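Visitor: Got a file for you: protein-v4.cif, mmCIF, C-alpha atoms.
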```cif
data_protein
#
loop_
_atom_site.group_PDB
_atom_site.id
_atom_site.type_symbol
_atom_site.label_atom_id
_atom_site.label_comp_id
_atom_site.auth_asym_id
_atom_site.auth_seq_id
_atom_site.Cartn_x
_atom_site.Cartn_y
_atom_site.Cartn_z
ATOM 1 C CA MET A 1 36.355 51.018 -43.745
ATOM 2 C CA VAL A 2 34.344 53.830 -45.368
ATOM 3 C CA ASN A 3 30.737 53.037 -46.222
ATOM 4 C CA ARG A 4 29.940 53.908 -49.838
ATOM 5 C CA ASN A 5 26.179 53.253 -49.614
ATOM 6 C CA PRO A 6 24.511 56.645 -50.299
ATOM 7 C CA VAL A 7 21.536 55.886 -48.027
ATOM 8 C CA VAL A 8 23.789 54.973 -45.109
ATOM 9 C CA LYS A 9 25.941 58.063 -45.661
ATOM 10 C CA ALA A 10 22.837 60.291 -45.733
ATOM 11 C CA LEU A 11 21.555 58.750 -42.493
ATOM 12 C CA GLN A 12 24.948 59.177 -40.836
ATOM 13 C CA THR A 13 24.944 62.863 -41.750
ATOM 14 C CA ALA A 14 21.405 63.335 -40.403
ATOM 15 C CA SER A 15 22.396 61.678 -37.130
ATOM 16 C CA GLN A 16 25.301 64.126 -36.728
ATOM 17 C CA PHE A 17 22.804 66.975 -36.388
ATOM 18 C CA GLY A 18 21.526 65.671 -33.068
ATOM 19 C CA ASN A 19 18.353 64.107 -31.770
ATOM 20 C CA ASP A 20 16.013 66.249 -33.874
ATOM 21 C CA TYR A 21 15.749 63.520 -36.498
ATOM 22 C CA ASP A 22 14.055 60.149 -36.134
ATOM 23 C CA ILE A 23 16.649 58.060 -37.963
ATOM 24 C CA PRO A 24 14.502 54.894 -38.333
ATOM 25 C CA TYR A 25 11.732 57.047 -39.846
ATOM 26 C CA LEU A 26 14.182 58.680 -42.271
ATOM 27 C CA GLN A 27 15.582 55.277 -43.183
ATOM 28 C CA ASN A 28 12.062 54.133 -44.050
ATOM 29 C CA LEU A 29 11.527 57.192 -46.268
ATOM 30 C CA PHE A 30 14.901 56.772 -47.960
ATOM 31 C CA GLU A 31 14.261 53.100 -48.660
ATOM 32 C CA ARG A 32 10.921 54.012 -50.256
ATOM 33 C CA ILE A 33 12.494 56.464 -52.726
ATOM 34 C CA GLN A 34 15.696 54.520 -53.307
ATOM 35 C CA GLN A 35 14.433 52.978 -56.569
ATOM 36 C CA MET A 36 13.364 56.324 -58.062
ATOM 37 C CA PRO A 37 15.645 57.560 -60.840
ATOM 38 C CA GLY A 38 18.085 60.108 -59.413
ATOM 39 C CA ALA A 39 17.608 59.111 -55.765
ATOM 40 C CA ASN A 40 21.312 58.495 -55.209
ATOM 41 C CA ARG A 41 22.082 62.090 -56.237
ATOM 42 C CA LEU A 42 19.727 63.311 -53.514
ATOM 43 C CA PHE A 43 21.276 60.961 -50.958
ATOM 44 C CA LEU A 44 24.739 62.259 -51.857
ATOM 45 C CA ARG A 45 23.540 65.861 -51.404
ATOM 46 C CA ILE A 46 22.124 64.929 -48.008
ATOM 47 C CA ALA A 47 25.377 63.207 -47.062
ATOM 48 C CA SER A 48 27.399 66.338 -47.844
ATOM 49 C CA VAL A 49 25.136 68.932 -46.212
ATOM 50 C CA SER A 50 26.725 71.294 -43.707
ATOM 51 C CA ASP A 51 23.747 72.944 -42.010
ATOM 52 C CA LYS A 52 20.394 71.938 -40.613
ATOM 53 C CA GLU A 53 18.347 74.282 -42.802
ATOM 54 C CA GLN A 54 19.691 72.719 -46.004
ATOM 55 C CA LEU A 55 19.166 69.260 -44.517
ATOM 56 C CA ASN A 56 15.501 70.079 -43.875
ATOM 57 C CA ASP A 57 15.144 71.353 -47.455
ATOM 58 C CA TYR A 58 16.441 68.030 -48.770
ATOM 59 C CA PHE A 59 14.084 66.112 -46.491
ATOM 60 C CA ALA A 60 11.217 68.136 -47.986
ATOM 61 C CA GLU A 61 12.258 66.855 -51.419
ATOM 62 C CA VAL A 62 12.067 63.296 -50.104
ATOM 63 C CA VAL A 63 8.577 63.855 -48.715
ATOM 64 C CA TYR A 64 7.257 65.492 -51.888
ATOM 65 C CA ALA A 65 8.717 62.725 -54.039
ATOM 66 C CA LEU A 66 6.765 60.237 -51.913
ATOM 67 C CA VAL A 67 3.583 62.333 -52.065
ATOM 68 C CA PHE A 68 3.687 62.412 -55.855
ATOM 69 C CA ALA A 69 4.488 58.692 -56.026
ATOM 70 C CA GLY A 70 1.554 58.018 -53.692
ATOM 71 C CA LEU A 71 -0.698 59.942 -56.067
ATOM 72 C CA GLY A 72 0.302 57.616 -58.887
ATOM 73 C CA PHE A 73 2.956 59.744 -60.579
ATOM 74 C CA GLN A 74 6.256 58.454 -61.901
ATOM 75 C CA VAL A 75 8.909 60.502 -60.112
ATOM 76 C CA GLU A 76 12.439 61.328 -61.183
ATOM 77 C CA ILE A 77 14.733 63.199 -58.798
ATOM 78 C CA GLU A 78 16.980 65.928 -60.266
ATOM 79 C CA PRO A 79 15.955 65.103 -63.844
ATOM 80 C CA PHE A 80 18.299 67.709 -65.379
ATOM 81 C CA GLY A 81 21.125 67.639 -62.838
ATOM 82 C CA ARG A 82 21.818 69.639 -59.727
ATOM 83 C CA LYS A 83 21.120 73.075 -61.261
ATOM 84 C CA GLY A 84 17.681 72.112 -62.582
ATOM 85 C CA PRO A 85 14.333 71.421 -60.897
ATOM 86 C CA ASP A 86 14.136 69.025 -57.957
ATOM 87 C CA LEU A 87 11.622 66.579 -59.446
ATOM 88 C CA LYS A 88 10.028 65.554 -62.707
ATOM 89 C CA VAL A 89 6.605 63.976 -62.279
ATOM 90 C CA SER A 90 4.617 62.269 -65.006
ATOM 91 C CA ARG A 91 1.317 60.450 -65.365
ATOM 92 C CA ASP A 92 -1.104 59.683 -68.174
ATOM 93 C CA GLY A 93 1.208 61.091 -70.843
ATOM 94 C CA HIS A 94 1.685 64.436 -69.080
ATOM 95 C CA GLN A 95 4.723 65.635 -67.205
ATOM 96 C CA ALA A 96 5.759 68.581 -65.071
ATOM 97 C CA VAL A 97 8.867 69.678 -63.234
ATOM 98 C CA VAL A 98 8.747 70.664 -59.586
ATOM 99 C CA GLU A 99 11.037 73.022 -57.697
ATOM 100 C CA ILE A 100 10.754 72.595 -53.946
#
```
Using structure tokens, write down the structure from this file.
Guide:
Amino acid sequence: MVNRNPVVKALQTASQFGNDYDIPYLQNLFERIQQMPGANRLFLRIASVSDKEQLNDYFAEVVYALVFAGLGFQVEIEPFGRKGPDLKVSRDGHQAVVEI
């Protein structure tokens, strides 16, 4: 049976790249961003990655999304689709887009 859960698929892909990644730590990060709008699109990108460099770039997006959320911003992942900026952050009536 194929697992269709985007978080599980992303973790499975990360684990295929060897012992460089702490899977329980990544699972914790993924669970923390899972409720952000657009998170599943990021998980699907992670699940389909083919090289370690791109995987690390996607993990950077996860970390920055959490940093902004920790600073009190509302965070949306891929607000304009895959070709647009990585994040949209907003707070106090102001918003900005972020390319990581």
Visitor: I need the residue set behind the PyMOL selection byres ((chain A and resi 90) around 10) for this file; please write it as a PyMOL selection string.
Guide: chain A and resi 68-69+72-76+87-89+91-97
Visitor: Given the file shown, determine the residues that the PyMOL selection byres ((chain A and resi 39-53) around 6) selects; report them as a PDB file with C-alpha atoms, in the frame of the given file.
Guide:
```pdb
ATOM      1  CA  PRO A   6      24.511  56.645 -50.299  1.00  0.00           C
ATOM      2  CA  VAL A   7      21.536  55.886 -48.027  1.00  0.00           C
ATOM      3  CA  LYS A   9      25.941  58.063 -45.661  1.00  0.00           C
ATOM      4  CA  ALA A  10      22.837  60.291 -45.733  1.00  0.00           C
ATOM      5  CA  THR A  13      24.944  62.863 -41.750  1.00  0.00           C
ATOM      6  CA  GLN A  34      15.696  54.520 -53.307  1.00  0.00           C
ATOM      7  CA  MET A  36      13.364  56.324 -58.062  1.00  0.00           C
ATOM      8  CA  PRO A  37      15.645  57.560 -60.840  1.00  0.00           C
ATOM      9  CA  GLY A  38      18.085  60.108 -59.413  1.00  0.00           C
ATOM     10  CA  GLN A  54      19.691  72.719 -46.004  1.00  0.00           C
ATOM     11  CA  LEU A  55      19.166  69.260 -44.517  1.00  0.00           C
ATOM     12  CA  ASN A  56      15.501  70.079 -43.875  1.00  0.00           C
ATOM     13  CA  ILE A  77      14.733  63.199 -58.798  1.00  0.00           C
TER      14      ILE A  77
END
```
Visitor: Using the chain letters and numbers from the file, give me the residues hit by the PyMOL selection byres ((chain A and resi 28) around 12), as a list in words.
Guide: Val7, Val8, Leu11, Asp22, Ile23, Pro24, Tyr25, Leu26, Gln27, Leu29, Phe30, Glu31, Arg32, Ile33, Gln34, Val62, Val63 and Leu66 of chain A
Visitor: Output C-alpha atoms for every residue in the selection just made, as a PDB file, in the frame of the given file.
Guide:
```pdb
ATOM      1  CA  VAL A   7      21.536  55.886 -48.027  1.00  0.00           C
ATOM      2  CA  VAL A   8      23.789  54.973 -45.109  1.00  0.00           C
ATOM      3  CA  LEU A  11      21.555  58.750 -42.493  1.00  0.00           C
ATOM      4  CA  ASP A  22      14.055  60.149 -36.134  1.00  0.00           C
ATOM      5  CA  ILE A  23      16.649  58.060 -37.963  1.00  0.00           C
ATOM      6  CA  PRO A  24      14.502  54.894 -38.333  1.00  0.00           C
ATOM      7  CA  TYR A  25      11.732  57.047 -39.846  1.00  0.00           C
ATOM      8  CA  LEU A  26      14.182  58.680 -42.271  1.00  0.00           C
ATOM      9  CA  GLN A  27      15.582  55.277 -43.183  1.00  0.00           C
ATOM     10  CA  LEU A  29      11.527  57.192 -46.268  1.00  0.00           C
ATOM     11  CA  PHE A  30      14.901  56.772 -47.960  1.00  0.00           C
ATOM     12  CA  GLU A  31      14.261  53.100 -48.660  1.00  0.00           C
ATOM     13  CA  ARG A  32      10.921  54.012 -50.256  1.00  0.00           C
ATOM     14  CA  ILE A  33      12.494  56.464 -52.726  1.00  0.00           C
ATOM     15  CA  GLN A  34      15.696  54.520 -53.307  1.00  0.00           C
ATOM     16  CA  VAL A  62      12.067  63.296 -50.104  1.00  0.00           C
ATOM     17  CA  VAL A  63       8.577  63.855 -48.715  1.00  0.00           C
ATOM     18  CA  LEU A  66       6.765  60.237 -51.913  1.00  0.00           C
TER      19      LEU A  66
END
```
Visitor: Could you work out how far CA of Val67 (chain A) lies from CA of Pro85 (chain A), giving the answer in Å with one decimal?
Guide: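 Separation between CA of Pro85 (chain A) and CA of Val67 (chain A): 16.6 Å.
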Visitor: Could you check how far CA of Asn19 (chain A) sits from CA of Asn5 (chain A), in Å to one decimal?
Guide: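 Taking CA of Asn19 (chain A) as the start and CA of Asn5 (chain A) as the end point, the length is 22.3 Å.
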